[in-house]
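To keep things clear, I will list the structure first and then write my remarks on it.
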Amino acid sequence: MSTAKKDVKRVTVHTLHAMKQNKEKISMLTAYDYSMARILDAAGTDVLLVGDSASNVMAGHETTLPITLDQMIYHASSVIRAVKRSLVIVDLPFGTYQGDSKKALNSAIRIMKESGAHAVKLEGGSEVSDSIKRILKAGVPVMGHLGLMPQSIYKFGTYTVRAKEEAEAAKLLEDAKMLQDIGCFGMVLEKIPAKLAKQVSLSVDIPTIGIGAGPDTDGQVLVTHDLLGITKDFHPRFLRRYLELFDSIKGAVEHYIEDVKSNDFPNEKEQY
Ligand code: KIV
């Protein structure tokens with residue numbers, strides 16, 4: 001093992017638990033490839049999520065439903081090769097864990113064995129509790145995901161805020177406690193009212209990571225390509241853009257094309 005790897009204190013699921021107890025916020029970002037994961041890890045991101053949003057961001061699909069287990073494993077192993085410190089969590093894709101706990105276990109085991117990831121995440125509450133329990137029994141850490149669950153988009157109909165109504169909010173709170181009680185190490189809360197996210201975060205001892213869920217969750221997650229402005233036409237209220245990389249990259253590439261066409265590139269110093 002290299003000294004660099006030895007010196008770095010890796011983030012584990014226990015680190016996240018301690019961070020919640022110490023009221024230290026957890027930073028989480030999506031990563032799908034080696035080069036970006038190296039940057040995010042070097043910057044000190046606590047958790048990298050190999051999200052099934054790769055289906056949208058990397059492959060251009062309209063939803064997260066088409067991405068396969070093999071494709072998730074490919075993305076996850078690229079990320080794992082880049083990481084020295086961050087905890088790497090991988091989404092179980094649609095159709096690999098719902099309604100069949102044995103299949104869920106096999107999917108989780110394939111991710112852990114073939115990519116070297118540290119944990120898995122899956123969407124849903126009581127409907128998927130058998131799958132979660134079986135994966136946990138095999139020693140694989142599981143993160144839950146409640147609120148807006150993009151794999152259920154055709155059931156929801158829209159990507160708008162979830163759990164605004166009392167009944168859905170009560171079920172979400174119950175599911176959050178259940179996720180904790182069966183042994184999940186944390187959960188994502190996506191696009192729910194800030195007040196409810198705060199209530200959930202205070203009701204459970206495991207860390208909550210919010211996206212569009214206000215400031216009172218134990219951590220925040222964003223899709224990296226949204227934060228960097230690589231995805232162009234996506235402006236939900238919860239998103240803060242830190243760069244406008246689509247325009248910067250486009251400008252740089254236009255400059256390169258100009259230089260090629262005008263014979264400015266390569267110059268005398270850029271040849272052998
Ligand atoms: O797939 C994903 O990127 C996610 C985050 C939005 C939490 O699940």
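Each chain of the structure tokens is named A, B, ... in the order shown, its residues numbered from 1; ligands are numbered from 1 in display order.
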Exercise for review: Could you give me, as a list in words, every polymer residue with an atom at most 6 Å away from an atom of ligand 1, counting only C-alpha atoms and all ligand atoms?
Suggested key: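 With only C-alpha atoms and all ligand atoms and a cut-off of 6 Å, ligand 1 is contacted by Thr30, Gly51, Asp52, Ser53 and Val223 of chain A.
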Practice item. Identify all residues of segment 3-241 of chain A in helix (DSSP H, G or I) (DSSP on the backbone) and supply them as a VMD selection string. Key: chain A and resid 3 to 7 13 to 21 34 to 43 54 to 57 69 to 82 101 to 115 126 to 137 150 to 156 166 to 182 194 to 203 224 to 227
Study note, to complete from the structure: From atom CA of Glu165 of chain A to atom CA of Ala197 of chain A the spacing works out at 13.7 Å
Practice item. If you run DSSP over the backbone, which residues in segment 36-147 of chain A end up strand (DSSP E or B)? Put them as a list in words. Key: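 So the strand (DSSP E or B) residues in segment 36-147 of chain A would be Val47, Leu48, Leu49, Val50, Leu87, Val88, Ile89, Val90, Asp91, Ala119, Val120, Lys121, Val142, Met143, Gly144, His145, Leu146 and Gly147 of chain A.
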Take the residues from that selection and write them out as a PDB file, in the first residue's frame, keeping N, CA, C and O atoms.
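So the final result, stored in result-v2.pdb, reads:
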ATOM      1  N   VAL A  47     -18.657  11.726   1.237  1.00  0.00           N
ATOM      2  CA  VAL A  47     -19.284  10.552   0.624  1.00  0.00           C
ATOM      3  C   VAL A  47     -19.452  10.773  -0.869  1.00  0.00           C
ATOM      4  O   VAL A  47     -19.926  11.832  -1.294  1.00  0.00           O
ATOM      5  N   LEU A  48     -19.062   9.788  -1.663  1.00  0.00           N
ATOM      6  CA  LEU A  48     -19.362   9.811  -3.097  1.00  0.00           C
ATOM      7  C   LEU A  48     -20.469   8.795  -3.356  1.00  0.00           C
ATOM      8  O   LEU A  48     -20.363   7.648  -2.938  1.00  0.00           O
ATOM      9  N   LEU A  49     -21.512   9.275  -4.024  1.00  0.00           N
ATOM     10  CA  LEU A  49     -22.629   8.405  -4.360  1.00  0.00           C
ATOM     11  C   LEU A  49     -22.564   8.082  -5.851  1.00  0.00           C
ATOM     12  O   LEU A  49     -22.649   8.989  -6.686  1.00  0.00           O
ATOM     13  N   VAL A  50     -22.388   6.802  -6.149  1.00  0.00           N
ATOM     14  CA  VAL A  50     -22.517   6.373  -7.544  1.00  0.00           C
ATOM     15  C   VAL A  50     -24.016   6.208  -7.754  1.00  0.00           C
ATOM     16  O   VAL A  50     -24.594   5.149  -7.525  1.00  0.00           O
ATOM     17  N   LEU A  87     -16.113   7.782   1.437  1.00  0.00           N
ATOM     18  CA  LEU A  87     -16.936   6.565   1.474  1.00  0.00           C
ATOM     19  C   LEU A  87     -17.696   6.495   0.145  1.00  0.00           C
ATOM     20  O   LEU A  87     -18.261   7.498  -0.296  1.00  0.00           O
ATOM     21  N   VAL A  88     -17.707   5.317  -0.476  1.00  0.00           N
ATOM     22  CA  VAL A  88     -18.389   5.180  -1.777  1.00  0.00           C
ATOM     23  C   VAL A  88     -19.642   4.307  -1.628  1.00  0.00           C
ATOM     24  O   VAL A  88     -19.556   3.134  -1.250  1.00  0.00           O
ATOM     25  N   ILE A  89     -20.781   4.922  -1.930  1.00  0.00           N
ATOM     26  CA  ILE A  89     -22.077   4.231  -1.846  1.00  0.00           C
ATOM     27  C   ILE A  89     -22.631   4.091  -3.268  1.00  0.00           C
ATOM     28  O   ILE A  89     -22.538   5.033  -4.062  1.00  0.00           O
ATOM     29  N   VAL A  90     -23.210   2.937  -3.553  1.00  0.00           N
ATOM     30  CA  VAL A  90     -23.695   2.680  -4.915  1.00  0.00           C
ATOM     31  C   VAL A  90     -25.196   2.405  -4.907  1.00  0.00           C
ATOM     32  O   VAL A  90     -25.679   1.607  -4.097  1.00  0.00           O
ATOM     33  N   ASP A  91     -25.916   3.048  -5.813  1.00  0.00           N
ATOM     34  CA  ASP A  91     -27.357   2.798  -5.936  1.00  0.00           C
ATOM     35  C   ASP A  91     -27.623   1.425  -6.532  1.00  0.00           C
ATOM     36  O   ASP A  91     -27.027   1.054  -7.553  1.00  0.00           O
ATOM     37  N   ALA A 119     -20.767   0.430   0.317  1.00  0.00           N
ATOM     38  CA  ALA A 119     -22.158   0.332   0.796  1.00  0.00           C
ATOM     39  C   ALA A 119     -23.097   0.476  -0.397  1.00  0.00           C
ATOM     40  O   ALA A 119     -22.672   0.907  -1.479  1.00  0.00           O
ATOM     41  N   VAL A 120     -24.358   0.124  -0.191  1.00  0.00           N
ATOM     42  CA  VAL A 120     -25.361   0.306  -1.252  1.00  0.00           C
ATOM     43  C   VAL A 120     -26.491   1.195  -0.743  1.00  0.00           C
ATOM     44  O   VAL A 120     -26.670   1.361   0.467  1.00  0.00           O
ATOM     45  N   LYS A 121     -27.213   1.777  -1.688  1.00  0.00           N
ATOM     46  CA  LYS A 121     -28.399   2.581  -1.357  1.00  0.00           C
ATOM     47  C   LYS A 121     -29.567   2.062  -2.185  1.00  0.00           C
ATOM     48  O   LYS A 121     -29.374   1.649  -3.328  1.00  0.00           O
ATOM     49  N   VAL A 142     -26.334  -0.574   4.334  1.00  0.00           N
ATOM     50  CA  VAL A 142     -27.403  -0.082   3.445  1.00  0.00           C
ATOM     51  C   VAL A 142     -27.835   1.324   3.852  1.00  0.00           C
ATOM     52  O   VAL A 142     -28.086   1.588   5.028  1.00  0.00           O
ATOM     53  N   MET A 143     -27.939   2.197   2.846  1.00  0.00           N
ATOM     54  CA  MET A 143     -28.513   3.526   3.051  1.00  0.00           C
ATOM     55  C   MET A 143     -29.914   3.525   2.424  1.00  0.00           C
ATOM     56  O   MET A 143     -30.097   2.992   1.318  1.00  0.00           O
ATOM     57  N   GLY A 144     -30.886   4.094   3.136  1.00  0.00           N
ATOM     58  CA  GLY A 144     -32.242   4.193   2.600  1.00  0.00           C
ATOM     59  C   GLY A 144     -32.415   5.466   1.777  1.00  0.00           C
ATOM     60  O   GLY A 144     -31.513   6.311   1.706  1.00  0.00           O
ATOM     61  N   HIS A 145     -33.572   5.601   1.161  1.00  0.00           N
ATOM     62  CA  HIS A 145     -33.863   6.787   0.333  1.00  0.00           C
ATOM     63  C   HIS A 145     -35.382   6.976   0.337  1.00  0.00           C
ATOM     64  O   HIS A 145     -36.108   6.135  -0.178  1.00  0.00           O
ATOM     65  N   LEU A 146     -35.833   8.084   0.954  1.00  0.00           N
ATOM     66  CA  LEU A 146     -37.276   8.356   1.084  1.00  0.00           C
ATOM     67  C   LEU A 146     -37.616   9.719   0.475  1.00  0.00           C
ATOM     68  O   LEU A 146     -36.734  10.526   0.204  1.00  0.00           O
ATOM     69  N   GLY A 147     -38.915   9.968   0.324  1.00  0.00           N
ATOM     70  CA  GLY A 147     -39.362  11.226  -0.274  1.00  0.00           C
ATOM     71  C   GLY A 147     -39.552  11.019  -1.762  1.00  0.00           C
ATOM     72  O   GLY A 147     -40.176  10.034  -2.177  1.00  0.00           O
TER      73      GLY A 147
END
Which residues of segment 112-174 of chain A come within 9 Å of segment 94-99 of chain A, and what is each one's closest atom pair and distance in Å (one decimal), counting only C-alpha atoms, sorted by chain and residue number, as CSV?
residue,atom,partner,partner_atom,distance
A:Leu122,CA,A:Tyr97,CA,8.1
A:Glu123,CA,A:Phe94,CA,9.0
A:Glu127,CA,A:Gly99,CA,7.9
A:Val128,CA,A:Gln98,CA,6.2
A:Asp130,CA,A:Gly99,CA,8.4
A:Ser131,CA,A:Tyr97,CA,6.4
A:Ile132,CA,A:Tyr97,CA,8.7
A:Gln151,CA,A:Phe94,CA,6.1
A:Ser152,CA,A:Phe94,CA,8.9
Practice item. Might you pull out every residue within 12 Å of Leu172 of chain A, with only C-alpha atoms counted and same-chain residues fewer than 4 positions away left off, and present them as an NGL selection string? Key: :A and (124-127 or 144-149 or 162-168 or 176-179 or 187-190 or 192-193 or 196-197 or 199-201 or 203)
Please write the residues from the selection above to a file, keeping N, CA and C atoms, as a short mmCIF file (atom, residue, chain, number, x, y, z; two decimals), in the first residue's frame.
data_model
loop_
_atom_site.label_atom_id
_atom_site.label_comp_id
_atom_site.auth_asym_id
_atom_site.auth_seq_id
_atom_site.Cartn_x
_atom_site.Cartn_y
_atom_site.Cartn_z
N GLY A 124 -37.07 3.44 -1.02
CA GLY A 124 -38.31 2.88 -0.51
C GLY A 124 -38.30 2.62 0.98
N GLY A 125 -39.52 2.43 1.53
CA GLY A 125 -39.68 2.16 2.95
C GLY A 125 -40.12 0.74 3.19
N SER A 126 -41.32 0.59 3.82
CA SER A 126 -41.76 -0.75 4.24
C SER A 126 -41.85 -1.73 3.06
N GLU A 127 -42.09 -1.20 1.84
CA GLU A 127 -42.25 -2.07 0.66
C GLU A 127 -40.97 -2.88 0.39
N GLY A 144 -30.89 4.09 3.14
CA GLY A 144 -32.24 4.19 2.60
C GLY A 144 -32.41 5.47 1.78
N HIS A 145 -33.57 5.60 1.16
CA HIS A 145 -33.86 6.79 0.33
C HIS A 145 -35.38 6.98 0.34
N LEU A 146 -35.83 8.08 0.95
CA LEU A 146 -37.28 8.36 1.08
C LEU A 146 -37.62 9.72 0.48
N GLY A 147 -38.92 9.97 0.32
CA GLY A 147 -39.36 11.23 -0.27
C GLY A 147 -39.55 11.02 -1.76
N LEU A 148 -39.01 11.93 -2.56
CA LEU A 148 -39.06 11.72 -4.01
C LEU A 148 -38.13 10.57 -4.36
N MET A 149 -38.70 9.52 -4.97
CA MET A 149 -37.89 8.36 -5.34
C MET A 149 -37.98 8.22 -6.86
N ARG A 162 -42.54 15.88 -2.43
CA ARG A 162 -43.35 14.80 -1.85
C ARG A 162 -43.71 15.12 -0.40
N ALA A 163 -44.66 14.35 0.12
CA ALA A 163 -45.02 14.34 1.55
C ALA A 163 -45.48 15.70 2.06
N LYS A 164 -46.18 16.44 1.20
CA LYS A 164 -46.78 17.70 1.68
C LYS A 164 -48.06 17.41 2.45
N GLU A 165 -48.72 16.31 2.07
CA GLU A 165 -49.96 15.92 2.76
C GLU A 165 -49.61 15.12 4.02
N GLU A 166 -50.51 15.25 5.00
CA GLU A 166 -50.27 14.65 6.32
C GLU A 166 -50.03 13.13 6.27
N ALA A 167 -50.87 12.44 5.46
CA ALA A 167 -50.78 10.97 5.44
C ALA A 167 -49.43 10.52 4.88
N GLU A 168 -48.98 11.17 3.81
CA GLU A 168 -47.70 10.77 3.21
C GLU A 168 -46.54 11.14 4.15
N ALA A 176 -38.88 6.10 8.04
CA ALA A 176 -37.55 6.54 8.48
C ALA A 176 -37.15 5.81 9.76
N LYS A 177 -38.11 5.70 10.69
CA LYS A 177 -37.82 5.00 11.95
C LYS A 177 -37.57 3.51 11.69
N MET A 178 -38.35 2.96 10.76
CA MET A 178 -38.18 1.54 10.41
C MET A 178 -36.78 1.32 9.81
N LEU A 179 -36.34 2.21 8.92
CA LEU A 179 -35.01 2.06 8.30
C LEU A 179 -33.94 2.04 9.38
N MET A 187 -29.86 7.67 5.61
CA MET A 187 -30.89 7.73 4.56
C MET A 187 -30.84 9.06 3.85
N VAL A 188 -31.19 9.01 2.56
CA VAL A 188 -31.36 10.23 1.78
C VAL A 188 -32.82 10.66 1.90
N LEU A 189 -33.04 11.97 2.08
CA LEU A 189 -34.39 12.53 2.07
C LEU A 189 -34.46 13.48 0.88
N GLU A 190 -35.23 13.09 -0.14
CA GLU A 190 -35.22 13.88 -1.39
C GLU A 190 -36.52 14.65 -1.55
N ILE A 192 -38.54 16.97 0.04
CA ILE A 192 -39.66 16.99 0.98
C ILE A 192 -39.62 18.32 1.72
N PRO A 193 -40.72 18.75 2.35
CA PRO A 193 -40.70 20.02 3.06
C PRO A 193 -39.60 20.06 4.13
N LEU A 196 -40.51 18.86 7.63
CA LEU A 196 -40.60 17.40 7.81
C LEU A 196 -39.20 16.78 7.87
N ALA A 197 -38.29 17.29 7.03
CA ALA A 197 -36.92 16.76 7.03
C ALA A 197 -36.26 16.99 8.39
N GLN A 199 -37.89 17.25 11.26
CA GLN A 199 -38.56 16.34 12.20
C GLN A 199 -37.97 14.92 12.09
N VAL A 200 -37.77 14.46 10.85
CA VAL A 200 -37.20 13.12 10.65
C VAL A 200 -35.79 13.08 11.23
N SER A 201 -35.00 14.12 10.91
CA SER A 201 -33.59 14.13 11.34
C SER A 201 -33.46 14.12 12.86
N SER A 203 -35.72 12.73 14.78
CA SER A 203 -36.35 11.51 15.30
C SER A 203 -35.48 10.27 15.17
#
Check your understanding: Which of these residues is nearest to Glu24 of chain A, using only C-alpha atoms: A:Pro66, A:Gly229, A:Gly251, A:Gly219?
Key ->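 Of the candidates, the smallest distance to Glu24 of chain A is held by A:Gly219.
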I want to know what sits within 10 Å of Ile135 of chain A, based on only C-alpha atoms, with residues of the same chain fewer than 2 positions away left out; could you give that as an mmCIF file with all heavy atoms, in the first residue's frame?
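Final file, around_19.cif:
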data_model
loop_
_atom_site.group_PDB
_atom_site.id
_atom_site.type_symbol
_atom_site.label_atom_id
_atom_site.label_comp_id
_atom_site.auth_asym_id
_atom_site.auth_seq_id
_atom_site.Cartn_x
_atom_site.Cartn_y
_atom_site.Cartn_z
ATOM 1 N N TYR A 97 -33.934 -5.135 -6.896
ATOM 2 C CA TYR A 97 -34.119 -5.412 -5.460
ATOM 3 C C TYR A 97 -35.578 -5.417 -5.010
ATOM 4 O O TYR A 97 -35.891 -5.894 -3.927
ATOM 5 C CB TYR A 97 -33.342 -4.388 -4.617
ATOM 6 C CG TYR A 97 -33.795 -2.940 -4.796
ATOM 7 C CD1 TYR A 97 -34.767 -2.388 -3.964
ATOM 8 C CD2 TYR A 97 -33.262 -2.146 -5.792
ATOM 9 C CE1 TYR A 97 -35.177 -1.070 -4.128
ATOM 10 C CE2 TYR A 97 -33.660 -0.831 -5.961
ATOM 11 C CZ TYR A 97 -34.615 -0.299 -5.129
ATOM 12 O OH TYR A 97 -35.032 0.997 -5.305
ATOM 13 N N SER A 101 -36.238 -10.550 -2.195
ATOM 14 C CA SER A 101 -35.103 -10.230 -1.321
ATOM 15 C C SER A 101 -33.843 -11.015 -1.700
ATOM 16 O O SER A 101 -32.722 -10.563 -1.475
ATOM 17 C CB SER A 101 -35.476 -10.481 0.139
ATOM 18 O OG SER A 101 -35.719 -11.841 0.354
ATOM 19 N N LYS A 102 -34.043 -12.201 -2.307
ATOM 20 C CA LYS A 102 -32.873 -13.001 -2.710
ATOM 21 C C LYS A 102 -32.155 -12.305 -3.873
ATOM 22 O O LYS A 102 -30.933 -12.196 -3.905
ATOM 23 C CB LYS A 102 -33.333 -14.402 -3.120
ATOM 24 C CG LYS A 102 -32.202 -15.350 -3.351
ATOM 25 C CD LYS A 102 -32.619 -16.805 -3.160
ATOM 26 C CE LYS A 102 -31.406 -17.698 -3.302
ATOM 27 N NZ LYS A 102 -31.508 -18.571 -4.479
ATOM 28 N N LYS A 103 -32.970 -11.817 -4.800
ATOM 29 C CA LYS A 103 -32.412 -11.074 -5.940
ATOM 30 C C LYS A 103 -31.694 -9.817 -5.423
ATOM 31 O O LYS A 103 -30.617 -9.447 -5.902
ATOM 32 C CB LYS A 103 -33.566 -10.683 -6.877
ATOM 33 C CG LYS A 103 -33.103 -10.083 -8.166
ATOM 34 C CD LYS A 103 -34.284 -9.897 -9.121
ATOM 35 C CE LYS A 103 -33.787 -9.301 -10.432
ATOM 36 N NZ LYS A 103 -34.860 -9.024 -11.350
ATOM 37 N N ALA A 104 -32.312 -9.155 -4.435
ATOM 38 C CA ALA A 104 -31.725 -7.940 -3.853
ATOM 39 C C ALA A 104 -30.349 -8.251 -3.265
ATOM 40 O O ALA A 104 -29.379 -7.513 -3.477
ATOM 41 C CB ALA A 104 -32.648 -7.376 -2.776
ATOM 42 N N LEU A 105 -30.277 -9.359 -2.533
ATOM 43 C CA LEU A 105 -29.005 -9.754 -1.919
ATOM 44 C C LEU A 105 -27.955 -10.029 -2.997
ATOM 45 O O LEU A 105 -26.817 -9.564 -2.912
ATOM 46 C CB LEU A 105 -29.206 -10.995 -1.037
ATOM 47 C CG LEU A 105 -27.931 -11.569 -0.428
ATOM 48 C CD1 LEU A 105 -27.246 -10.567 0.478
ATOM 49 C CD2 LEU A 105 -28.244 -12.850 0.347
ATOM 50 N N ASN A 106 -28.363 -10.766 -4.047
ATOM 51 C CA ASN A 106 -27.418 -11.064 -5.127
ATOM 52 C C ASN A 106 -26.928 -9.791 -5.808
ATOM 53 O O ASN A 106 -25.745 -9.664 -6.132
ATOM 54 C CB ASN A 106 -28.065 -11.987 -6.177
ATOM 55 C CG ASN A 106 -28.239 -13.394 -5.624
ATOM 56 O OD1 ASN A 106 -27.550 -13.772 -4.670
ATOM 57 N ND2 ASN A 106 -29.153 -14.152 -6.194
ATOM 58 N N SER A 107 -27.833 -8.831 -5.983
ATOM 59 C CA SER A 107 -27.455 -7.562 -6.635
ATOM 60 C C SER A 107 -26.438 -6.817 -5.770
ATOM 61 O O SER A 107 -25.433 -6.312 -6.270
ATOM 62 C CB SER A 107 -28.684 -6.678 -6.846
ATOM 63 O OG SER A 107 -29.684 -7.356 -7.550
ATOM 64 N N ALA A 108 -26.729 -6.755 -4.463
ATOM 65 C CA ALA A 108 -25.833 -6.035 -3.552
ATOM 66 C C ALA A 108 -24.465 -6.726 -3.505
ATOM 67 O O ALA A 108 -23.417 -6.067 -3.521
ATOM 68 C CB ALA A 108 -26.446 -5.975 -2.159
ATOM 69 N N ILE A 109 -24.478 -8.050 -3.469
ATOM 70 C CA ILE A 109 -23.211 -8.789 -3.414
ATOM 71 C C ILE A 109 -22.399 -8.553 -4.692
ATOM 72 O O ILE A 109 -21.187 -8.328 -4.646
ATOM 73 C CB ILE A 109 -23.466 -10.292 -3.160
ATOM 74 C CG1 ILE A 109 -23.858 -10.475 -1.682
ATOM 75 C CG2 ILE A 109 -22.231 -11.135 -3.496
ATOM 76 C CD1 ILE A 109 -24.173 -11.880 -1.268
ATOM 77 N N VAL A 120 -24.358 0.124 -0.191
ATOM 78 C CA VAL A 120 -25.361 0.306 -1.252
ATOM 79 C C VAL A 120 -26.491 1.195 -0.743
ATOM 80 O O VAL A 120 -26.670 1.361 0.467
ATOM 81 C CB VAL A 120 -25.946 -1.040 -1.753
ATOM 82 C CG1 VAL A 120 -24.869 -1.922 -2.347
ATOM 83 C CG2 VAL A 120 -26.686 -1.777 -0.635
ATOM 84 N N SER A 129 -38.515 -3.506 2.827
ATOM 85 C CA SER A 129 -37.806 -3.824 4.083
ATOM 86 C C SER A 129 -37.228 -5.250 4.081
ATOM 87 O O SER A 129 -36.150 -5.485 4.642
ATOM 88 C CB SER A 129 -38.720 -3.607 5.298
ATOM 89 O OG SER A 129 -39.822 -4.455 5.208
ATOM 90 N N ASP A 130 -37.915 -6.203 3.424
ATOM 91 C CA ASP A 130 -37.370 -7.576 3.385
ATOM 92 C C ASP A 130 -36.041 -7.603 2.633
ATOM 93 O O ASP A 130 -35.095 -8.276 3.058
ATOM 94 C CB ASP A 130 -38.358 -8.532 2.698
ATOM 95 C CG ASP A 130 -39.542 -8.837 3.601
ATOM 96 O OD1 ASP A 130 -39.438 -8.555 4.820
ATOM 97 O OD2 ASP A 130 -40.561 -9.337 3.088
ATOM 98 N N SER A 131 -35.989 -6.869 1.538
ATOM 99 C CA SER A 131 -34.748 -6.811 0.755
ATOM 100 C C SER A 131 -33.633 -6.188 1.587
ATOM 101 O O SER A 131 -32.496 -6.682 1.620
ATOM 102 C CB SER A 131 -34.954 -5.988 -0.521
ATOM 103 O OG SER A 131 -35.871 -6.635 -1.366
ATOM 104 N N ILE A 132 -33.953 -5.091 2.277
ATOM 105 C CA ILE A 132 -32.933 -4.402 3.084
ATOM 106 C C ILE A 132 -32.406 -5.338 4.175
ATOM 107 O O ILE A 132 -31.197 -5.464 4.378
ATOM 108 C CB ILE A 132 -33.496 -3.101 3.705
ATOM 109 C CG1 ILE A 132 -33.894 -2.116 2.608
ATOM 110 C CG2 ILE A 132 -32.480 -2.462 4.649
ATOM 111 C CD1 ILE A 132 -34.538 -0.828 3.110
ATOM 112 N N LYS A 133 -33.333 -6.010 4.870
ATOM 113 C CA LYS A 133 -32.922 -6.899 5.980
ATOM 114 C C LYS A 133 -31.977 -7.984 5.473
ATOM 115 O O LYS A 133 -30.988 -8.311 6.127
ATOM 116 C CB LYS A 133 -34.156 -7.553 6.603
ATOM 117 C CG LYS A 133 -34.927 -6.631 7.544
ATOM 118 C CD LYS A 133 -36.070 -7.419 8.174
ATOM 119 C CE LYS A 133 -37.198 -6.512 8.607
ATOM 120 N NZ LYS A 133 -38.467 -7.191 8.767
ATOM 121 N N LYS A 137 -28.119 -8.542 6.586
ATOM 122 C CA LYS A 137 -27.696 -9.801 7.218
ATOM 123 C C LYS A 137 -26.400 -10.318 6.630
ATOM 124 O O LYS A 137 -25.634 -11.024 7.291
ATOM 125 C CB LYS A 137 -28.792 -10.862 7.010
ATOM 126 C CG LYS A 137 -29.539 -11.192 8.269
ATOM 127 C CD LYS A 137 -30.340 -12.472 8.050
ATOM 128 C CE LYS A 137 -31.519 -12.478 9.000
ATOM 129 N NZ LYS A 137 -32.555 -13.421 8.566
ATOM 130 N N ALA A 138 -26.151 -9.976 5.361
ATOM 131 C CA ALA A 138 -24.919 -10.422 4.699
ATOM 132 C C ALA A 138 -23.740 -9.511 5.026
ATOM 133 O O ALA A 138 -22.640 -9.701 4.501
ATOM 134 C CB ALA A 138 -25.132 -10.474 3.194
ATOM 135 N N GLY A 139 -23.984 -8.499 5.858
ATOM 136 C CA GLY A 139 -22.880 -7.627 6.275
ATOM 137 C C GLY A 139 -22.637 -6.449 5.352
ATOM 138 O O GLY A 139 -21.591 -5.801 5.422
ATOM 139 N N VAL A 140 -23.597 -6.171 4.486
ATOM 140 C CA VAL A 140 -23.444 -5.041 3.555
ATOM 141 C C VAL A 140 -24.186 -3.826 4.124
ATOM 142 O O VAL A 140 -25.389 -3.904 4.365
ATOM 143 C CB VAL A 140 -24.027 -5.401 2.166
ATOM 144 C CG1 VAL A 140 -23.939 -4.207 1.221
ATOM 145 C CG2 VAL A 140 -23.314 -6.615 1.588
ATOM 146 N N PRO A 141 -23.473 -2.708 4.342
ATOM 147 C CA PRO A 141 -24.162 -1.516 4.858
ATOM 148 C C PRO A 141 -25.155 -0.965 3.832
ATOM 149 O O PRO A 141 -24.859 -0.889 2.646
ATOM 150 C CB PRO A 141 -23.021 -0.515 5.095
ATOM 151 C CG PRO A 141 -21.762 -1.305 5.058
ATOM 152 C CD PRO A 141 -22.031 -2.486 4.181
ATOM 153 N N VAL A 142 -26.334 -0.574 4.334
ATOM 154 C CA VAL A 142 -27.403 -0.082 3.445
ATOM 155 C C VAL A 142 -27.835 1.324 3.852
ATOM 156 O O VAL A 142 -28.086 1.588 5.028
ATOM 157 C CB VAL A 142 -28.646 -1.012 3.489
ATOM 158 C CG1 VAL A 142 -29.768 -0.470 2.595
ATOM 159 C CG2 VAL A 142 -28.281 -2.429 3.063
#
Check your understanding: Skipping near chain neighbours, those fewer than 2 positions away, what residues fall within 12 Å of Leu40 of chain A using only C-alpha atoms, listed as a PyMOL selection string?
Key -> chain A and resi 27-38+42-49+79+82-88+223-225+228
